[in-house]
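Below is protein_30.txt, holding compact mmCIF, C-alpha atoms.
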```txt
# COMPACT_ATOMS: atom_id res chain seq x y z
CA MET A 7 9.81 20.40 -52.52
CA SER A 8 10.16 21.90 -49.03
CA PRO A 9 7.71 20.73 -46.34
CA SER A 10 4.74 22.94 -45.54
CA PRO A 11 4.87 24.97 -42.28
CA CYS A 12 2.26 22.58 -40.78
CA GLU A 13 4.42 19.53 -41.61
CA GLU A 14 7.42 21.31 -40.19
CA PHE A 15 5.49 22.13 -37.01
CA SER A 16 4.35 18.52 -36.55
CA LYS A 17 8.04 17.53 -36.41
CA HIS A 18 8.55 19.97 -33.54
CA LEU A 19 5.32 19.16 -31.76
CA GLU A 20 6.88 16.94 -29.06
CA SER A 21 9.45 19.53 -28.01
CA TRP A 22 6.78 22.21 -28.28
CA LEU A 23 4.65 20.37 -25.75
CA GLU A 24 7.66 20.16 -23.45
CA GLU A 25 7.67 23.96 -23.31
CA SER A 26 10.52 24.41 -25.74
CA HIS A 27 9.07 27.01 -28.14
CA ASP A 28 10.88 27.98 -31.30
CA PRO A 29 9.95 31.61 -32.32
CA VAL A 30 9.34 30.62 -35.97
CA MET A 31 7.01 27.80 -34.89
CA GLU A 32 5.30 30.08 -32.43
CA ALA A 33 4.49 32.52 -35.21
CA HIS A 34 3.12 29.65 -37.29
CA VAL A 35 0.90 28.34 -34.49
CA ARG A 36 -0.54 31.81 -33.99
CA SER A 37 -1.42 32.14 -37.65
CA CYS A 38 -2.55 28.54 -38.37
CA ALA A 39 -5.97 27.56 -36.99
CA ARG A 40 -5.32 23.83 -37.52
CA CYS A 41 -1.99 23.70 -35.68
CA ASN A 42 -3.38 26.00 -33.00
CA ALA A 43 -6.32 23.63 -32.44
CA LEU A 44 -3.92 20.69 -32.28
CA VAL A 45 -1.80 22.38 -29.59
CA GLU A 46 -4.88 23.36 -27.60
CA ASP A 47 -6.39 19.86 -27.81
CA LEU A 48 -3.20 18.19 -26.64
CA GLY A 49 -2.93 20.72 -23.82
CA ALA A 50 -6.52 19.94 -22.79
CA ILE A 51 -5.78 16.20 -22.80
CA ARG A 52 -2.73 16.74 -20.59
CA ALA A 53 -4.65 18.94 -18.18
CA THR A 54 -7.49 16.43 -17.85
CA ALA A 55 -5.02 13.56 -17.37
CA PHE A 56 -3.30 15.53 -14.63
CA GLU A 57 -6.62 16.05 -12.83
CA TRP A 58 -7.44 12.38 -13.28
CA ALA A 59 -4.52 11.47 -11.00
CA TYR A 60 -6.34 12.81 -7.93
CA PRO A 61 -7.67 11.67 -5.60
CA GLU A 62 -5.61 8.50 -5.61
CA ASP A 63 -7.85 5.44 -5.43
CA GLU A 64 -7.51 2.92 -2.67
CA PRO A 65 -7.99 -0.83 -2.97
CA SER A 66 -10.37 -2.53 -0.56
CA PRO A 67 -8.87 -3.47 2.84
CA SER A 68 -9.52 -7.15 2.11
CA LEU A 69 -6.82 -7.05 -0.55
CA TRP A 70 -4.02 -7.14 2.03
CA THR A 71 -5.73 -10.01 3.85
CA SER A 72 -5.97 -12.01 0.68
CA LEU A 73 -2.40 -11.11 -0.35
CA ARG A 74 -1.06 -12.05 3.06
CA ALA A 75 -2.86 -15.40 2.96
CA GLN A 76 -1.30 -16.10 -0.43
CA LEU A 77 2.16 -15.08 0.81
CA GLU A 78 1.81 -17.34 3.81
CA ALA A 79 0.61 -20.21 1.65
CA GLU A 80 3.68 -19.79 -0.56
CA GLY A 81 5.92 -19.60 2.51
CA LEU A 82 7.19 -16.17 1.48
CA ILE A 83 6.54 -14.57 4.85
CA HIS A 84 6.98 -15.84 8.32
CA VAL A 85 4.92 -14.42 11.13
CA GLN A 86 6.95 -13.54 14.22
CA THR A 87 5.51 -15.86 16.87
CA THR A 88 6.03 -14.47 20.34
CA SER A 89 7.89 -16.86 22.59
CA TRP A 90 7.17 -16.94 26.31
CA TRP A 91 10.54 -15.26 26.90
CA ASP A 92 9.62 -12.39 24.51
CA ARG A 93 6.29 -12.04 26.30
CA LEU A 94 8.07 -11.83 29.63
CA THR A 95 10.78 -9.41 28.58
CA SER A 96 8.17 -7.19 26.95
CA TRP A 97 6.89 -6.51 30.46
CA VAL A 98 10.04 -4.81 31.63
CA PRO A 99 9.20 -1.12 31.72
CA SER A 100 11.63 1.59 30.82
CA SER A 101 11.73 2.55 34.46
CA SER A 102 14.63 4.36 35.96
CA ARG A 103 13.81 2.90 39.39
CA PRO A 104 16.33 0.20 40.26
CA VAL A 105 14.03 -1.40 42.84
CA LEU A 106 11.16 -1.70 40.38
CA ALA A 107 13.48 -2.95 37.64
CA GLY A 108 14.87 -5.54 40.08
CA ALA A 109 11.36 -6.70 40.90
CA TYR A 110 10.63 -7.08 37.19
CA VAL A 111 13.71 -9.24 36.70
CA ALA A 112 12.66 -11.36 39.69
CA ILE A 113 9.17 -11.70 38.21
CA LEU A 114 10.68 -12.83 34.91
CA VAL A 115 12.67 -15.56 36.61
CA ALA A 116 9.70 -16.70 38.68
CA VAL A 117 7.36 -16.70 35.74
CA ALA A 118 9.90 -18.57 33.66
CA PHE A 119 9.63 -21.29 36.31
CA ALA A 120 5.89 -21.06 36.46
CA ILE A 121 5.46 -21.43 32.73
CA SER A 122 8.10 -24.04 32.13
CA GLY A 123 6.49 -26.48 34.57
CA PRO A 124 7.97 -29.69 35.90
CA GLY A 125 8.81 -32.77 33.88
CA GLU A 126 6.85 -36.01 33.94
CA SER A 127 8.70 -37.87 36.66
CA ARG A 128 8.16 -37.57 40.41
CA LEU A 129 11.78 -36.46 40.85
CA ASP A 130 11.29 -33.65 38.30
CA ARG A 131 8.17 -32.51 40.10
CA GLN A 132 9.93 -32.35 43.45
CA LEU A 133 12.91 -30.56 41.97
CA TRP A 134 10.66 -28.11 40.20
CA LEU A 135 8.66 -27.38 43.35
CA GLN A 136 11.88 -26.89 45.31
CA SER A 137 13.26 -24.54 42.63
CA ALA A 138 9.99 -22.65 42.41
CA GLU A 139 10.06 -22.23 46.18
CA ASN A 140 13.64 -20.95 46.04
CA THR A 141 12.68 -18.53 43.30
CA SER A 142 9.49 -17.22 44.82
CA GLN A 143 11.02 -16.31 48.19
CA PRO A 144 13.49 -13.70 46.88
CA LEU A 145 10.76 -12.65 44.44
CA GLN A 146 8.42 -11.87 47.33
CA GLN A 147 11.17 -9.77 48.93
CA ASP A 148 11.85 -7.94 45.66
CA LEU A 149 8.18 -7.38 45.02
CA ASP A 150 7.64 -6.09 48.55
CA LEU A 151 10.57 -3.73 48.09
CA ALA A 152 9.26 -2.54 44.72
CA GLU A 153 5.80 -2.12 46.16
CA GLN A 154 7.09 -0.08 49.11
CA ALA A 155 9.21 2.08 46.80
CA THR A 156 6.31 2.66 44.45
CA VAL A 157 3.72 3.33 47.11
CA SER A 158 6.08 5.80 48.83
CA THR A 159 6.12 7.89 45.65
CA LEU A 160 2.34 8.17 45.61
CA PRO A 161 0.87 11.40 46.96
CA GLN A 162 -0.29 11.28 50.55
CA SER A 163 -3.65 12.70 49.60
CA ASN A 164 -6.76 10.55 49.77
CA SER A 165 -7.40 10.93 46.07
CA PRO A 166 -9.86 8.39 44.66
CA VAL A 167 -7.32 7.31 41.99
CA THR A 168 -4.62 6.52 44.57
CA ALA A 169 -7.12 4.67 46.74
CA SER A 170 -8.33 2.69 43.76
CA LEU A 171 -4.77 1.74 42.71
CA GLN A 172 -3.96 0.52 46.22
CA LYS A 173 -7.18 -1.46 46.38
CA ASN A 174 -6.39 -3.07 43.02
CA LEU A 175 -2.91 -3.93 44.23
CA ALA A 176 -4.37 -5.78 47.19
CA VAL A 177 -6.75 -7.66 44.90
CA VAL A 178 -3.90 -8.67 42.55
CA ASP A 179 -1.77 -9.79 45.54
CA ASN A 180 -4.56 -12.08 46.69
CA TYR A 181 -4.98 -13.37 43.18
CA ILE A 182 -1.25 -14.18 42.96
CA VAL A 183 -1.41 -16.10 46.24
CA LEU A 184 -4.31 -18.17 44.91
CA CYS A 185 -2.60 -18.84 41.57
CA GLU A 186 0.67 -19.85 43.23
CA LYS A 187 -1.26 -22.29 45.42
CA SER A 188 -3.00 -23.78 42.36
CA VAL A 189 0.31 -24.22 40.55
CA ARG A 190 1.83 -25.88 43.61
CA ASP A 191 -1.14 -28.23 43.91
CA ASP A 192 -1.00 -29.25 40.30
CA PRO A 193 2.22 -28.20 38.57
CA GLN A 194 1.05 -29.91 35.32
CA ASP A 195 -2.02 -27.67 35.10
CA GLU A 196 -1.22 -25.36 32.19
CA VAL A 197 -4.28 -23.20 32.82
CA ALA A 198 -3.17 -22.52 36.40
CA ARG A 199 0.31 -21.57 35.17
CA GLU A 200 -1.23 -19.32 32.51
CA TYR A 201 -3.34 -17.62 35.22
CA LEU A 202 -0.23 -17.13 37.33
CA PHE A 203 1.51 -15.61 34.33
CA ASP A 204 -1.40 -13.16 33.89
CA ALA A 205 -1.43 -12.34 37.62
CA TYR A 206 2.27 -11.44 37.61
CA GLN A 207 1.70 -9.38 34.49
CA GLN A 208 -1.16 -7.51 36.16
CA LYS A 209 0.98 -6.77 39.20
CA ALA A 210 3.85 -5.59 37.04
CA ASP A 211 1.55 -3.33 35.03
CA LEU A 212 -0.09 -1.97 38.16
CA LEU A 213 3.25 -1.15 39.80
CA ALA A 214 4.38 0.60 36.61
CA VAL A 215 1.20 2.70 36.53
CA MET A 216 1.57 3.58 40.21
CA SER A 217 5.21 4.49 39.73
CA GLU A 218 4.37 6.74 36.75
CA ARG A 219 1.58 8.38 38.74
CA GLY A 220 4.01 9.06 41.61
CA ASP A 221 6.46 10.72 39.18
CA TYR A 222 3.68 12.76 37.66
CA GLU A 223 2.28 14.04 40.94
CA GLN A 224 5.62 14.96 42.47
CA MET B 12 13.71 -6.95 6.67
CA ALA B 13 11.22 -7.68 3.90
CA GLN B 14 14.05 -9.46 2.07
CA GLN B 15 14.18 -11.88 5.02
CA GLY B 16 10.43 -12.51 4.78
CA ASP B 17 9.38 -10.39 7.74
CA ALA B 18 5.58 -10.08 7.62
CA ALA B 19 5.46 -6.65 9.28
CA ALA B 20 8.01 -5.26 6.80
CA PHE B 21 5.94 -6.63 3.91
CA GLU B 22 2.86 -4.97 5.28
CA ARG B 23 4.68 -1.64 5.62
CA LEU B 24 5.83 -1.85 2.01
CA TYR B 25 2.31 -2.69 0.93
CA GLN B 26 0.83 0.21 2.91
CA LEU B 27 3.35 2.63 1.43
CA HIS B 28 2.82 1.71 -2.21
CA ASN B 29 -0.60 0.06 -2.61
CA ARG B 30 -2.52 3.21 -3.58
CA ARG B 31 -0.13 4.18 -6.34
CA VAL B 32 0.05 0.70 -7.80
CA TYR B 33 -3.71 0.25 -7.58
CA SER B 34 -4.30 3.64 -9.25
CA LEU B 35 -1.99 2.69 -12.09
CA CYS B 36 -3.80 -0.62 -12.58
CA LEU B 37 -7.23 0.99 -12.33
CA ARG B 38 -6.39 3.65 -14.91
CA MET B 39 -5.05 1.03 -17.24
CA VAL B 40 -7.90 -1.48 -17.01
CA GLY B 41 -10.81 0.76 -15.91
CA ASN B 42 -12.34 -1.91 -13.68
CA THR B 43 -11.98 -2.01 -9.89
CA ALA B 44 -12.17 -5.80 -9.46
CA GLU B 45 -9.61 -6.39 -12.18
CA ALA B 46 -7.41 -3.58 -10.84
CA GLU B 47 -7.40 -5.23 -7.41
CA ASP B 48 -6.57 -8.56 -8.95
CA LEU B 49 -3.66 -6.99 -10.83
CA THR B 50 -2.47 -5.10 -7.74
CA GLN B 51 -2.39 -8.36 -5.82
CA GLU B 52 -0.48 -10.03 -8.63
CA ALA B 53 2.02 -7.14 -8.79
CA PHE B 54 2.69 -7.31 -5.05
CA LEU B 55 2.96 -11.08 -5.17
CA GLN B 56 5.60 -10.75 -7.87
CA LEU B 57 7.31 -8.09 -5.79
CA PHE B 58 7.47 -10.27 -2.69
CA ARG B 59 8.54 -13.29 -4.70
CA LYS B 60 11.42 -11.35 -6.20
CA ILE B 61 12.28 -9.02 -3.35
CA SER B 62 15.41 -10.97 -2.43
CA THR B 63 16.81 -10.10 -5.87
CA PHE B 64 16.33 -6.34 -5.41
CA ARG B 65 19.80 -4.82 -5.27
CA GLY B 66 18.87 -1.15 -5.13
CA GLU B 67 20.28 -0.39 -8.58
CA SER B 68 17.10 1.51 -9.37
CA ALA B 69 14.67 3.27 -7.05
CA PHE B 70 12.39 0.83 -5.26
CA SER B 71 9.30 2.61 -6.59
CA THR B 72 10.59 2.34 -10.18
CA TRP B 73 11.27 -1.36 -9.68
CA LEU B 74 7.80 -1.93 -8.24
CA HIS B 75 6.16 -0.01 -11.10
CA ARG B 76 8.11 -2.07 -13.60
CA LEU B 77 6.64 -5.22 -12.10
CA ALA B 78 3.16 -3.70 -12.00
CA VAL B 79 3.28 -2.46 -15.61
CA ASN B 80 4.51 -5.85 -16.79
CA VAL B 81 1.67 -7.59 -14.98
CA VAL B 82 -0.91 -5.23 -16.50
CA LEU B 83 0.57 -5.36 -19.99
CA MET B 84 0.66 -9.12 -19.94
CA ARG B 85 -3.01 -9.24 -18.94
CA LEU B 86 -4.04 -6.66 -21.55
CA ARG B 87 -2.12 -8.35 -24.33
CA LYS B 88 -3.57 -11.73 -23.44
CA LYS B 89 -7.02 -10.21 -23.42
CA SER B 90 -6.66 -8.37 -26.71
CA ALA B 91 -5.29 -11.50 -28.38
CA ALA B 92 -8.34 -13.41 -27.20
CA GLU B 93 -10.78 -10.69 -28.21
CA THR B 94 -9.38 -9.87 -31.67
CA SER B 95 -11.33 -11.60 -34.41
CA LEU B 96 -9.88 -12.53 -37.79
CA GLU B 97 -11.57 -9.85 -39.90
CA GLU B 98 -10.46 -7.15 -37.48
CA VAL B 99 -6.80 -7.83 -38.22
CA THR B 100 -6.94 -6.56 -41.76
CA GLU B 101 -5.07 -3.35 -41.09
CA PRO B 102 -2.80 -4.05 -38.17
CA ASP B 103 -1.85 -1.15 -36.01
CA GLU B 104 1.91 -0.72 -35.60
CA GLU B 105 1.85 -0.79 -31.81
CA SER B 106 -0.94 -3.11 -30.83
CA GLY B 107 -1.19 -5.41 -33.83
CA GLY B 108 -4.90 -4.60 -33.62
CA PRO B 109 -7.09 -2.82 -36.18
CA ARG B 110 -6.52 0.83 -36.98
CA ARG B 111 -9.72 2.78 -36.99
CA ASP B 112 -10.36 5.24 -39.73
CA PHE B 113 -11.45 8.58 -38.38
CA GLY B 114 -13.40 10.65 -40.89
CA GLY B 115 -15.10 14.01 -40.70
CA PRO B 116 -13.93 17.44 -39.73
CA ASP B 117 -11.65 18.07 -36.74
CA LEU B 118 -13.66 19.21 -33.75
CA GLN B 119 -12.09 21.39 -31.10
CA LEU B 120 -11.74 19.40 -27.87
CA THR B 121 -11.02 22.25 -25.49
CA GLY B 122 -13.81 22.55 -22.95
CA SER B 123 -15.42 19.27 -23.92
CA ILE B 124 -13.05 16.73 -22.35
CA ASP B 125 -13.81 15.38 -18.92
CA ARG B 126 -12.46 12.47 -16.87
CA VAL B 127 -15.16 10.12 -18.06
CA ASN B 128 -14.60 10.49 -21.79
CA LEU B 129 -10.83 10.63 -21.31
CA GLN B 130 -11.04 7.35 -19.40
CA ARG B 131 -13.14 5.79 -22.17
CA ALA B 132 -10.64 6.93 -24.77
CA VAL B 133 -7.67 5.66 -22.73
CA GLU B 134 -9.36 2.26 -22.50
CA GLN B 135 -9.26 2.05 -26.29
CA LEU B 136 -5.54 2.74 -26.53
CA PRO B 137 -3.17 -0.10 -27.34
CA PRO B 138 -1.51 -1.41 -24.15
CA GLY B 139 1.93 0.13 -24.72
CA TYR B 140 0.57 3.60 -25.49
CA LYS B 141 -1.76 3.31 -22.53
CA ALA B 142 1.08 2.47 -20.14
CA VAL B 143 3.29 5.36 -21.23
CA PHE B 144 0.39 7.82 -21.19
CA VAL B 145 -0.77 6.80 -17.69
CA LEU B 146 2.76 6.78 -16.31
CA HIS B 147 3.71 10.17 -17.77
CA ASP B 148 0.58 12.29 -18.02
CA VAL B 149 -1.40 10.82 -15.10
CA GLN B 150 1.16 9.56 -12.60
CA GLY B 151 3.83 12.13 -13.41
CA PHE B 152 6.83 9.91 -14.12
CA GLU B 153 9.67 11.40 -16.19
CA HIS B 154 10.77 9.83 -19.47
CA ASN B 155 13.99 8.46 -17.95
CA GLU B 156 11.94 6.68 -15.25
CA ILE B 157 9.46 5.37 -17.81
CA ALA B 158 12.36 4.10 -19.91
CA GLU B 159 13.49 2.09 -16.88
CA ILE B 160 10.00 0.89 -16.03
CA MET B 161 9.18 -0.14 -19.60
CA ASN B 162 12.70 -1.29 -20.39
CA CYS B 163 12.96 0.96 -23.45
CA SER B 164 14.93 4.03 -24.53
CA ILE B 165 14.00 7.56 -23.48
CA GLY B 166 13.40 8.40 -27.16
CA ASN B 167 11.03 5.48 -27.45
CA SER B 168 9.13 6.62 -24.38
CA LYS B 169 8.76 10.11 -25.86
CA SER B 170 7.61 8.83 -29.20
CA GLN B 171 5.09 6.40 -27.64
CA LEU B 172 3.68 9.21 -25.54
CA HIS B 173 3.31 11.46 -28.55
CA LYS B 174 1.51 8.75 -30.50
CA ALA B 175 -0.70 7.99 -27.51
CA ARG B 176 -1.77 11.62 -27.20
CA MET B 177 -2.45 11.90 -30.95
CA ARG B 178 -4.52 8.72 -30.86
CA LEU B 179 -6.41 9.98 -27.84
CA ARG B 180 -7.21 13.18 -29.70
CA GLU B 181 -8.63 11.15 -32.58
CA LEU B 182 -10.67 8.99 -30.22
CA LEU B 183 -12.04 11.98 -28.34
CA GLN B 184 -12.93 13.75 -31.60
CA GLU B 185 -14.75 10.62 -32.72
CA THR B 186 -16.71 10.66 -29.45
CA LEU B 187 -17.63 14.29 -30.05
CA ARG B 188 -18.75 13.53 -33.60
CA ASP B 189 -20.89 10.63 -32.35
CA LYS B 190 -22.46 12.88 -29.75
CA ALA B 191 -23.11 15.61 -32.32
CA ARG B 192 -24.78 13.04 -34.63
CA GLU B 193 -27.00 11.80 -31.79
CA ASP B 194 -27.94 15.36 -30.84
CA ARG B 195 -28.89 16.09 -34.46
CA LYS B 196 -30.98 12.90 -34.60
CA ALA B 197 -32.72 13.75 -31.37
CA ALA B 198 -33.38 17.32 -32.57
CA GLY B 199 -34.73 15.96 -35.91
CA ALA B 200 -37.01 13.52 -34.11
CA ALA B 201 -38.26 16.26 -31.81
CA SER B 202 -39.01 18.68 -34.70
CA GLY B 203 -40.63 15.83 -36.75
CA GLY B 204 -42.85 15.04 -33.80
CA GLU B 205 -43.98 18.64 -33.55
CA GLU B 206 -45.11 18.81 -37.22
```
The structure in this file should be written as structure tokens.
Amino acid sequence: MSPSPCEEFSKHLESWLEESHDPVMEAHVRSCARCNALVEDLGAIRATAFEWAYPEDEPSPSLWTSLRAQLEAEGLIHVQTTSWWDRLTSWVPSSSRPVLAGAYVAILVAVAFAISGPGESRLDRQLWLQSAENTSQPLQQDLDLAEQATVSTLPQSNSPVTASLQKNLAVVDNYIVLCEKSVRDDPQDEVAREYLFDAYQQKADLLAVMSERGDYEQ
Amino acid sequence: MAQQGDAAAFERLYQLHNRRVYSLCLRMVGNTAEAEDLTQEAFLQLFRKISTFRGESAFSTWLHRLAVNVVLMRLRKKSAAETSLEEVTEPDEESGGPRRDFGGPDLQLTGSIDRVNLQRAVEQLPPGYKAVFVLHDVQGFEHNEIAEIMNCSIGNSKSQLHKARMRLRELLQETLRDKAREDRKAAGAASGGEE
């Protein structure tokens, strides 16, 4: 006994739903209410499923925090800890000014001294102070040079921004002098060395801002 | 970089794929807390195994394979725990669970399906059908991708999808019949109250 047209259609249903329509089957679907309803129902399910995909749901932000904690606990991820050298080199701006770049390099060397600190013995302390002295003198020259070069690029106008930048530079210079003195007085004082580090960073940032402003205004 | 355990690279991968993986989990389990739990488990598996990823398949396919496995394992564990002895009298070929008998005339579904009742019906599908349906009809994966994700043949993926849709139709028709019965009851009660 040959299969009924409905049984025959059910065999072709999958390909039918993938848009591959056989003319004989098409004629059957048009004439058969049951197969027609089946095709329409499956089409409606597909359409609703498609709509269901949007908008895409988002998990709560705490999920990453919890996942990260688990990954750390399992030792699967390692957080990049920033070394003092990375912190220092991250200061160097992408400046095309050789004088400013030179000053940055000098600052790096000086700060490397400031952060490293002397050893425990008296001899270490003296050596460190001597080295710090040797480092800070050329640094002062480089910084002065960088400062002159940067300030010369600033507009001659008495704009409030320029005046404020120059005032801030003077404040930072004073601050550096104070920090250097504190470090000399007590080279073991980590807080003083940390303050000196921040002071150099502030000066470097300020010179970069002033330099950019000079470029912009010219 | 993620293969070397770089935290920032892991976070980037998570940010790129978390919505899609979470959506898949949510559509398969229908519960936000459980979907988050499964998403976390899927990403944990991913990061545990990331060093073994060789790029033989697309990264997204590989991630979805992990996610689907995590969800299927949870669903199968759950259904094994929830299935009572008398329910296993007529095991269903896919789920091993009971096959429901759907009586009554066929009701036309067009115009009466919405997201809510589709979601309810999907929740009642056996895990394998559910996975193929969500991957193909909701998330838009092709059969060759689903075959890779589910580790089956393309033919198997097509046949599972077809069965899933047919089962969904039955479930949705049953919902319609239930609703029609309730409406009739409510109408009867209202007219009885008037007399």
Closest pair table for chain A residues within 8 Å of chain B, all atoms listed in the file, as a Markdown table:
```
| residue | atom | partner | partner_atom | distance |
| --- | --- | --- | --- | --- |
| A:Glu20 | CA | B:His173 | CA | 6.6 |
| A:Ala43 | CA | B:Gln119 | CA | 6.3 |
| A:Glu46 | CA | B:Thr121 | CA | 6.6 |
| A:Asp47 | CA | B:Leu120 | CA | 5.4 |
| A:Leu48 | CA | B:Arg176 | CA | 6.7 |
| A:Ala50 | CA | B:Thr121 | CA | 5.7 |
| A:Ile51 | CA | B:Ile124 | CA | 7.3 |
| A:Arg52 | CA | B:Asp148 | CA | 6.1 |
| A:Thr54 | CA | B:Arg126 | CA | 6.4 |
| A:Ala55 | CA | B:Val149 | CA | 5.1 |
| A:Phe56 | CA | B:Val149 | CA | 5.1 |
| A:Glu57 | CA | B:Val149 | CA | 7.7 |
| A:Trp58 | CA | B:Arg126 | CA | 6.2 |
| A:Ala59 | CA | B:Val149 | CA | 5.2 |
| A:Glu62 | CA | B:Ser34 | CA | 6.2 |
| A:Asp63 | CA | B:Ser34 | CA | 5.5 |
| A:Glu64 | CA | B:Arg30 | CA | 5.1 |
| A:Pro65 | CA | B:Glu47 | CA | 6.3 |
| A:Ser66 | CA | B:Glu47 | CA | 7.9 |
| A:Leu69 | CA | B:Gln51 | CA | 7.0 |
| A:Trp70 | CA | B:Tyr25 | CA | 7.8 |
| A:Leu73 | CA | B:Gln51 | CA | 6.1 |
| A:Leu77 | CA | B:Leu55 | CA | 7.2 |
| A:Leu82 | CA | B:Gly16 | CA | 5.9 |
| A:Ile83 | CA | B:Gly16 | CA | 4.4 |
| A:His84 | CA | B:Gly16 | CA | 6.0 |
| A:Val85 | CA | B:Ala18 | CA | 5.6 |
| A:Gln86 | CA | B:Ala18 | CA | 7.6 |
```
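Residue nearest Glu24 of chain A, chosen from B:His154, B:Asn162, B:Leu187, B:Arg178 and counting only C-alpha atoms: B:His154.
Interatomic distance, atom CA of Glu134 of chain B to atom CA of Ala78 of chain B: 17.4 Å.
Going from atom CA of Leu86 of chain B over to atom CA of Val40 of chain B, you cover 7.9 Å.
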Would you pick out the contacts of His34 of chain A at 12 Å or less, using all atoms listed in the file, so that residues sharing its chain but fewer than 3 positions from it are not included, and give the list as an NGL selection string?
:A and (10-16 or 18 or 27-31 or 37-42 or 45)
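What separates atom CA of Phe152 of chain B from atom CA of Ser168 of chain B is a distance of 11.0 Å.
The residue set within 9 Å of Ser188 of chain A, counting only C-alpha atoms and dropping same-chain residues fewer than 4 places from it, reads Val183, Leu184, Asp192, Pro193, Asp195, Ala198, Arg199 and Leu202 of chain A.
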Return the single residue from A:Val197, A:Leu212, A:Glu186, A:Ala33 that is closest to Gln172 of chain A, with distances computed using only C-alpha atoms.
A:Leu212
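Considering all atoms listed in the file, the residue among B:Asn42, B:Leu57, B:Gln135, B:Lys196 positioned nearest to Val81 of chain B is B:Leu57.
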